[in-house]
$ cat data.pdb   # PDB, C-alpha atoms
ATOM      1  CA  MET A   1       2.613 -43.385  -6.677
ATOM      2  CA  ARG A   2       4.773 -42.634  -9.724
ATOM      3  CA  LYS A   3       2.199 -40.088 -11.001
ATOM      4  CA  LEU A   4       2.240 -38.364  -7.648
ATOM      5  CA  LEU A   5       6.043 -38.047  -7.768
ATOM      6  CA  LYS A   6       5.868 -36.669 -11.325
ATOM      7  CA  LEU A   7       3.288 -34.133 -10.172
ATOM      8  CA  GLU A   8       5.511 -33.102  -7.273
ATOM      9  CA  GLU A   9       8.482 -32.775  -9.638
ATOM     10  CA  SER A  10       6.404 -30.535 -11.893
ATOM     11  CA  LEU A  11       5.375 -28.436  -8.900
ATOM     12  CA  VAL A  12       8.989 -27.964  -7.807
ATOM     13  CA  THR A  13       9.994 -26.991 -11.362
ATOM     14  CA  SER A  14       7.135 -24.487 -11.618
ATOM     15  CA  LEU A  15       8.032 -23.025  -8.239
ATOM     16  CA  GLY A  16      11.626 -22.554  -9.400
ATOM     17  CA  GLN A  17      10.450 -20.732 -12.516
ATOM     18  CA  TYR A  18       8.103 -18.567 -10.446
ATOM     19  CA  ILE A  19      10.910 -17.630  -8.059
ATOM     20  CA  LYS A  20      13.267 -16.792 -10.926
ATOM     21  CA  LEU A  21      10.660 -14.536 -12.549
ATOM     22  CA  HIS A  22      10.119 -12.607  -9.337
ATOM     23  CA  GLU A  23      13.853 -12.324  -8.709
ATOM     24  CA  GLN A  24      14.152 -10.678 -12.141
ATOM     25  CA  LYS A  25      11.361  -8.256 -11.230
ATOM     26  CA  ILE A  26      13.086  -7.418  -7.966
ATOM     27  CA  GLU A  27      16.387  -6.813  -9.786
ATOM     28  CA  PHE A  28      14.543  -4.482 -12.169
ATOM     29  CA  LEU A  29      13.056  -2.589  -9.226
ATOM     30  CA  HIS A  30      16.511  -2.271  -7.638
ATOM     31  CA  ARG A  31      17.862  -0.779 -10.876
ATOM     32  CA  GLN A  32      14.963   1.668 -11.060
ATOM     33  CA  ARG A  33      15.498   2.659  -7.436
ATOM     34  CA  ASP A  34      19.191   3.254  -8.142
ATOM     35  CA  LEU A  35      18.331   5.484 -11.103
ATOM     36  CA  LEU A  36      15.849   7.467  -9.024
ATOM     37  CA  GLU A  37      18.354   7.827  -6.184
ATOM     38  CA  LYS A  38      20.947   9.121  -8.653
ATOM     39  CA  GLU A  39      18.495  11.734  -9.954
ATOM     40  CA  LEU A  40      17.520  12.685  -6.416
ATOM     41  CA  LYS A  41      21.158  13.218  -5.456
ATOM     42  CA  LYS A  42      21.596  15.490  -8.481
ATOM     43  CA  GLY A  43      18.555  17.473  -7.414
ATOM     44  CA  LEU A  44      19.650  17.738  -3.802
ATOM     45  CA  LYS A  45      23.128  18.844  -4.844
ATOM     46  CA  ASP A  46      21.824  21.904  -6.699
ATOM     47  CA  ASP A  47      18.059  22.161  -6.471
ATOM     48  CA  ILE A  48      17.727  25.451  -8.353
ATOM     49  CA  GLU A  49      19.755  24.281 -11.353
ATOM     50  CA  TYR A  50      18.091  20.866 -11.302
ATOM     51  CA  SER A  51      14.571  22.256 -11.385
ATOM     52  CA  SER A  52      15.285  25.202 -13.685
ATOM     53  CA  ASN A  53      15.474  23.100 -16.854
ATOM     54  CA  PRO A  54      14.004  19.631 -16.304
ATOM     55  CA  LEU A  55      14.538  18.567 -19.909
ATOM     56  CA  GLU A  56      18.308  18.878 -19.658
ATOM     57  CA  THR A  57      19.119  18.234 -16.038
ATOM     58  CA  ASN A  58      17.023  15.419 -14.648
ATOM     59  CA  GLY A  59      17.004  12.630 -17.193
ATOM     60  CA  PHE A  60      13.749  13.453 -18.971
ATOM     61  CA  THR A  61      15.449  13.653 -22.321
ATOM     62  CA  SER A  62      12.401  13.294 -24.521
ATOM     63  CA  VAL A  63       8.867  14.583 -24.164
ATOM     64  CA  ASP A  64       5.778  13.134 -25.759
ATOM     65  CA  LYS A  65       4.585  15.809 -28.185
ATOM     66  CA  ASN A  66       0.952  15.221 -27.217
ATOM     67  CA  SER A  67       1.404  15.693 -23.497
ATOM     68  CA  ALA A  68       3.526  17.449 -20.956
ATOM     69  CA  VAL A  69       4.507  14.126 -19.358
ATOM     70  CA  PRO A  70       8.067  13.019 -20.165
ATOM     71  CA  VAL A  71       8.218   9.799 -22.183
ATOM     72  CA  ASN A  72      10.916   8.431 -19.902
ATOM     73  CA  LEU A  73       8.564   8.781 -16.927
ATOM     74  CA  ILE A  74       5.695   7.090 -18.791
ATOM     75  CA  GLN A  75       7.969   4.167 -19.692
ATOM     76  CA  ARG A  76       9.113   3.818 -16.086
ATOM     77  CA  PHE A  77       5.527   3.631 -14.843
ATOM     78  CA  LYS A  78       4.648   1.046 -17.481
ATOM     79  CA  LEU A  79       7.648  -1.091 -16.549
ATOM     80  CA  LEU A  80       6.864  -0.807 -12.842
ATOM     81  CA  LYS A  81       3.266  -1.773 -13.492
ATOM     82  CA  GLU A  82       4.414  -4.829 -15.457
ATOM     83  CA  ALA A  83       6.780  -5.760 -12.652
ATOM     84  CA  ALA A  84       3.997  -5.666 -10.058
TER      85      ALA A  84
END
$ encode --input "data.pdb" --output "structure tokens"
Amino acid sequence: MRKLLKLEESLVTSLGQYIKLHEQKIEFLHRQRDLLEKELKKGLKDDIEYSSNPLETNGFTSVDKNSAVPVNLIQRFKLLKEAA
């Protein structure tokens, strides 16, 4: 009986850790959503200016020299993939 209670205690502890990990992932996703909403609002405010120079106006501050994809965007996708 004692082993069964220890096993149940371990299960409850593991469940708590699992929940905490996923709460952190959800918080990360909320922060990413907030950043994207902020960029969207900038774009909606003045769409011509926003799209005329994407390197200065929409948060893509650095570009990978070997591709046309902004580094910031690549990092966001990697972090979202890890969070999934």
$ closest_residue --input "data.pdb" --among "A:Leu40, A:Ile26, A:Lys45, A:Asp34" --to "Ala83 in chain A" --atoms "all atoms listed in the file"
A:Ile26
$ atom_distance --input "data.pdb" --atom1 "CA of Glu37 in chain A" --atom2 "CA of His22 in chain A"
22.3 Å
$ closest_residue --input "data.pdb" --among "A:Ile48, A:Leu80, A:Leu11, A:Leu5" --to "Glu27 in chain A" --atoms "all atoms listed in the file"
A:Leu80
$ residues_around --input "data.pdb" --residues "Lys25 in chain A" --least-positions-apart "6" --cutoff "12 Å" --atoms "all atoms listed in the file" --output "ChimeraX atom specification"
/A:18-19,31-32,79-84
$ write_last_selection --input "data.pdb" --atoms "C-alpha atoms" --output "PDB file, in the frame of the given file"
ATOM      1  CA  TYR A  18       8.103 -18.567 -10.446  1.00  0.00           C
ATOM      2  CA  ILE A  19      10.910 -17.630  -8.059  1.00  0.00           C
ATOM      3  CA  ARG A  31      17.862  -0.779 -10.876  1.00  0.00           C
ATOM      4  CA  GLN A  32      14.963   1.668 -11.060  1.00  0.00           C
ATOM      5  CA  LEU A  79       7.648  -1.091 -16.549  1.00  0.00           C
ATOM      6  CA  LEU A  80       6.864  -0.807 -12.842  1.00  0.00           C
ATOM      7  CA  LYS A  81       3.266  -1.773 -13.492  1.00  0.00           C
ATOM      8  CA  GLU A  82       4.414  -4.829 -15.457  1.00  0.00           C
ATOM      9  CA  ALA A  83       6.780  -5.760 -12.652  1.00  0.00           C
ATOM     10  CA  ALA A  84       3.997  -5.666 -10.058  1.00  0.00           C
TER      11      ALA A  84
END
$ atom_distance --input "data.pdb" --atom1 "CA of Gln24 in chain A" --atom2 "CA of Glu8 in chain A"
24.5 Å
$ build_atoms --input "data.pdb" --residues "range 1-12 of chain A" --atoms "N, CA, C and O atoms" --output "PDB file, in the frame of the given file"
ATOM      1  N   MET A   1       1.566 -44.060  -7.418  1.00  0.00           N
ATOM      2  CA  MET A   1       2.613 -43.385  -6.677  1.00  0.00           C
ATOM      3  C   MET A   1       3.556 -42.632  -7.626  1.00  0.00           C
ATOM      4  O   MET A   1       3.979 -41.532  -7.339  1.00  0.00           O
ATOM      5  N   ARG A   2       3.874 -43.252  -8.758  1.00  0.00           N
ATOM      6  CA  ARG A   2       4.773 -42.634  -9.724  1.00  0.00           C
ATOM      7  C   ARG A   2       4.185 -41.327 -10.262  1.00  0.00           C
ATOM      8  O   ARG A   2       4.892 -40.344 -10.438  1.00  0.00           O
ATOM      9  N   LYS A   3       2.856 -41.295 -10.514  1.00  0.00           N
ATOM     10  CA  LYS A   3       2.199 -40.088 -11.001  1.00  0.00           C
ATOM     11  C   LYS A   3       2.284 -38.970  -9.962  1.00  0.00           C
ATOM     12  O   LYS A   3       2.471 -37.802 -10.312  1.00  0.00           O
ATOM     13  N   LEU A   4       2.156 -39.348  -8.724  1.00  0.00           N
ATOM     14  CA  LEU A   4       2.240 -38.364  -7.648  1.00  0.00           C
ATOM     15  C   LEU A   4       3.641 -37.747  -7.586  1.00  0.00           C
ATOM     16  O   LEU A   4       3.792 -36.526  -7.427  1.00  0.00           O
ATOM     17  N   LEU A   5       4.672 -38.553  -7.759  1.00  0.00           N
ATOM     18  CA  LEU A   5       6.043 -38.047  -7.768  1.00  0.00           C
ATOM     19  C   LEU A   5       6.296 -37.149  -8.976  1.00  0.00           C
ATOM     20  O   LEU A   5       6.982 -36.120  -8.873  1.00  0.00           O
ATOM     21  N   LYS A   6       5.736 -37.506 -10.130  1.00  0.00           N
ATOM     22  CA  LYS A   6       5.868 -36.669 -11.325  1.00  0.00           C
ATOM     23  C   LYS A   6       5.171 -35.321 -11.107  1.00  0.00           C
ATOM     24  O   LYS A   6       5.680 -34.277 -11.513  1.00  0.00           O
ATOM     25  N   LEU A   7       4.015 -35.360 -10.471  1.00  0.00           N
ATOM     26  CA  LEU A   7       3.288 -34.133 -10.172  1.00  0.00           C
ATOM     27  C   LEU A   7       4.095 -33.249  -9.220  1.00  0.00           C
ATOM     28  O   LEU A   7       4.197 -32.028  -9.411  1.00  0.00           O
ATOM     29  N   GLU A   8       4.684 -33.857  -8.222  1.00  0.00           N
ATOM     30  CA  GLU A   8       5.511 -33.102  -7.273  1.00  0.00           C
ATOM     31  C   GLU A   8       6.740 -32.511  -7.974  1.00  0.00           C
ATOM     32  O   GLU A   8       7.126 -31.367  -7.717  1.00  0.00           O
ATOM     33  N   GLU A   9       7.347 -33.270  -8.881  1.00  0.00           N
ATOM     34  CA  GLU A   9       8.482 -32.775  -9.638  1.00  0.00           C
ATOM     35  C   GLU A   9       8.075 -31.558 -10.482  1.00  0.00           C
ATOM     36  O   GLU A   9       8.791 -30.555 -10.545  1.00  0.00           O
ATOM     37  N   SER A  10       6.918 -31.648 -11.095  1.00  0.00           N
ATOM     38  CA  SER A  10       6.404 -30.535 -11.893  1.00  0.00           C
ATOM     39  C   SER A  10       6.147 -29.314 -11.015  1.00  0.00           C
ATOM     40  O   SER A  10       6.441 -28.176 -11.410  1.00  0.00           O
ATOM     41  N   LEU A  11       5.635 -29.528  -9.839  1.00  0.00           N
ATOM     42  CA  LEU A  11       5.375 -28.436  -8.900  1.00  0.00           C
ATOM     43  C   LEU A  11       6.673 -27.743  -8.486  1.00  0.00           C
ATOM     44  O   LEU A  11       6.758 -26.515  -8.480  1.00  0.00           O
ATOM     45  N   VAL A  12       7.689 -28.521  -8.194  1.00  0.00           N
ATOM     46  CA  VAL A  12       8.989 -27.964  -7.807  1.00  0.00           C
ATOM     47  C   VAL A  12       9.592 -27.171  -8.966  1.00  0.00           C
ATOM     48  O   VAL A  12      10.131 -26.073  -8.784  1.00  0.00           O
TER      49      VAL A  12
END
